[in-house]
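Student: Have a look at this one.
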Amino acid sequence: MKLQILLLLALTGIFSSGALAQTQGDDPVSLVENITGSIFADVTENLEEYTANPEALEELIRTDLMPLLDINYSARLILGRAGRGIEKEKIEEFATSMSNLLIDRYSAALLQFSSQIKLRVLPQRGDLNEKLTRVRTRVTLPSGGEAPVDYAFRKTPQGWKAFDVVVEGISYVTTYRNQIMPEVQANGIDSVIERLNSGQLELAE
Amino acid sequence: MPHPRTLVGIVLLSLLLVGCAGTQSRNTDPEMDPWEGYNRKVFAFNQGADKIFRPIAVAYDKITPDPLQRGVGNFFRNLDAPVTYVNQVLQGKFKESLSTLGRFLANSTFGLFGFFDIASQMGIPFYNEDLGQTMASWGYEDSRYMMIPFFGPSTFRDGTGRLADSFYHPVGRAMHGYGEWGLLIFRGIDTRARYLDQDAELNEAYDPYVLMRDVWWQNRQYQIYDGDPPMMDYDLYLEDYADEEEATTAGGN
């Protein structure tokens with residue numbers, strides 16, 4: 001439970017109003033920092049509305065979150081050698097299916113837990129790299145404990161984008177990769193996409 | 001009570017499982033999990049044993065109010081302190097070891113035998129160390145993955161460390177006939193109850209064995225590095241592509 005909630009909620013840290021992100025610093029730490037504030041404020045303020053109409057929240061997330069994520073890069077990392085010879089469009093379709101599934105789950109978790117959880121972004125330290133960096137955050141749970149959630153960012157021509165979430169050391173890319181890669185190799189990517197679209201595939205934290 | 005032969009039993013069981021390990025031929029990670037055939041047997045065995053333990057954990061989780069359950073968790077966590085303390089000293093983390101000592105004293109007294117985590121409210125940091133982590137910090141970094149009957153994921157290094165630590169762990173020593181068996185079993189139930197919410201994920205995974213291994217292994221690295229492991233090398237994940245990419249896009253990207 002803990003891990004799952006954390007992962008789900010933590011990723012909401014990068015759900016935000018794209019407009020806000022643009023007006024402020026565009027380094028990864030600022031991105032996460034600005035966003036955590038705005039998304040929690042938004043959901044807390046409009047909790048009833050979103051509860052009554054979860055699609056609105058999903059829509060908000062879909063439009064505002066996507067520009068900050070590099071889902072195609074995540075998809076390529078996850079597919080690994082199973083992505084060999086698969087055309088670009090298929091990989092993008094896979095990436096979209098996966099992100100849709102995640103959005104469903106994130107918004108559900110957000111509705112359920114946003115009022116009980118606090119996020120804290122730690123200052124940039126070490127690992128600072130021209131192309132790759134890690135933003136560390138701490139999620140404070142209702143029980144008083146704190147759990148670490150890191151985001152991996154990479155610099156793209158469109159600015160910094162997140163492509164992995166690491167909860168208590170557990171990388172979502174690595175964990176998905178080791179499940180999806182063999183499944184694609186065994187059943188083919190179409191069958192995996194189909195499963196993702198039908199929402200059957202309960203992916204691991 | 002005479003010395004229970006649990007350890008002997010576990011060792012024998014392991015040997016037995018090794019005996020029938022030959023059938024499993026595929027290996028998903030030869031480097032870190034060369035004993036995969038055996039490990040999958042133990043994993044299956046543990047999943048079977050879980051058919052008994054899980055309902056107990058579910059019942060416990062159901063009848064125990066959250067604050068009480070949290071208290072029980074605090075109580076058991078507090079009893080890990082001696083092992084953490086000793087291993088902090090072994091790793092030369094003296095300042096941190098004083099924290100652990102302070103926590104243990106505060107929680108064991110004012111915290112009513114550890115039931116309330118007073119130390120955290122006082123702002124005393126929590127650490128977690130064991131002999132496996134100590135050996136890793138001494139340079140024994142790579143150890144093969146090893147599933148242990150009843151206890152679950154580990155490595156050869158960490159399993160050995162755990163065994164050594166258990167001789168003076170207030171709860172673990174029950175395994176050697178010196179303590180309360182009831183406590184050991186209770187801790188097992190409490191621990192199992194904390195993972196109930198992840199059962200669905202595990203059961204529906206494409207390969208539950210690999211999922212458990214991945215999650216455990218990554219989190220273990222995280223513990224060994226005290227919460228600050230080096231950033232992983234994502235480029236390795238793309239290497240599988242590299243030759244093809246270059247061939248088709250002539251070095252694009």
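We label chains A, B, ... in the order they appear in the structure tokens, count residues from 1 in each chain, and number ligands from 1 in the order shown.
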Write out as a list in words every residue belonging to chain B that has an atom at most 6 Å from any atom of chain A, counting only C-alpha atoms.
Tutor: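 The contacting residues on chain B are Asp197, Gln198, Glu201, Tyr206, Gln218, Asn219, Tyr222, Tyr237 and Asp240 of chain B.
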Student: Based on the selection just made, write C-alpha atoms of those residues as an mmCIF file, in the first residue's frame.
Tutor:
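For reference, result-v6.cif as written:
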data_model
loop_
_atom_site.group_PDB
_atom_site.id
_atom_site.type_symbol
_atom_site.label_atom_id
_atom_site.label_comp_id
_atom_site.auth_asym_id
_atom_site.auth_seq_id
_atom_site.Cartn_x
_atom_site.Cartn_y
_atom_site.Cartn_z
ATOM 1 C CA ASP B 197 -1.924 -4.185 -0.391
ATOM 2 C CA GLN B 198 0.783 -5.220 -2.784
ATOM 3 C CA GLU B 201 0.266 -6.221 -8.025
ATOM 4 C CA TYR B 206 3.710 -10.961 -15.881
ATOM 5 C CA GLN B 218 16.499 -2.101 -5.723
ATOM 6 C CA ASN B 219 15.239 -1.241 -2.279
ATOM 7 C CA TYR B 222 18.921 1.899 -1.484
ATOM 8 C CA TYR B 237 18.915 0.256 -21.250
ATOM 9 C CA ASP B 240 20.142 -2.935 -26.818
#
Student: Excluding region 119-128 of chain B and its own-chain neighbours fewer than 6 positions away, which residues fall within 9 Å of it when counting only C-alpha atoms? Please give them as a VMD selection string.
Tutor: (chain A and resid 144 to 145) or (chain B and resid 80 to 81 83 to 85 88 96 to 97 99 to 100 102 to 107 111 223 226)
Student: Quick one: of A:Ala108, A:Leu101, A:Val43, A:Leu31, who's nearest to Asn197 (chain A), counting only C-alpha atoms?
Tutor: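 Nearest to Asn197 (chain A): A:Leu101.
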Student: Give me, as a ChimeraX atom specification, the residues of region 59-184 of chain B that a backbone DSSP run labels helix (DSSP H, G or I).
Tutor: /B:59-63,66-78,81-90,94-109,118-121,131-137,156-166,172-176,181-184
Student: Pick out the residues sitting within 9 Å of region 44-50 of chain A, and hand them over as a ChimeraX atom specification; count only C-alpha atoms, and ignore anything fewer than 4 positions along from it in its own chain.
Tutor: /A:39-40,54-57,111,114-115
Student: Ranking B:Ser166, B:Asn39, B:Thr134, B:Asn87 by minimum distance to Val210 (chain B) and counting only C-alpha atoms, which one comes first?
Tutor: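 Closest candidate: B:Asn39.
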Student: DSSP says strand (DSSP E or B) for which residues of region 143-185 of chain B? Put them as an MDAnalysis selection string?
Tutor: chainID B and resid 145:148 152:155
Student: Interatomic distance between CA of Gly152 (chain B) and CA of Arg138 (chain A)?
Tutor: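 Separating CA of Gly152 (chain B) from CA of Arg138 (chain A) is a distance of 28.1 Å.
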Student: What is the CA of Glu180 (chain B) to CA of Gln133 (chain B) distance in Å?
Tutor: 26.3 Å
Student: Which polymer residues have any atom within 9 Å of an atom of Lys161 (chain A), counting only C-alpha atoms, with same-chain residues fewer than 2 positions away left out, as a ChimeraX atom specification?
Tutor: /A:28,67-70,152-156,158-159,163
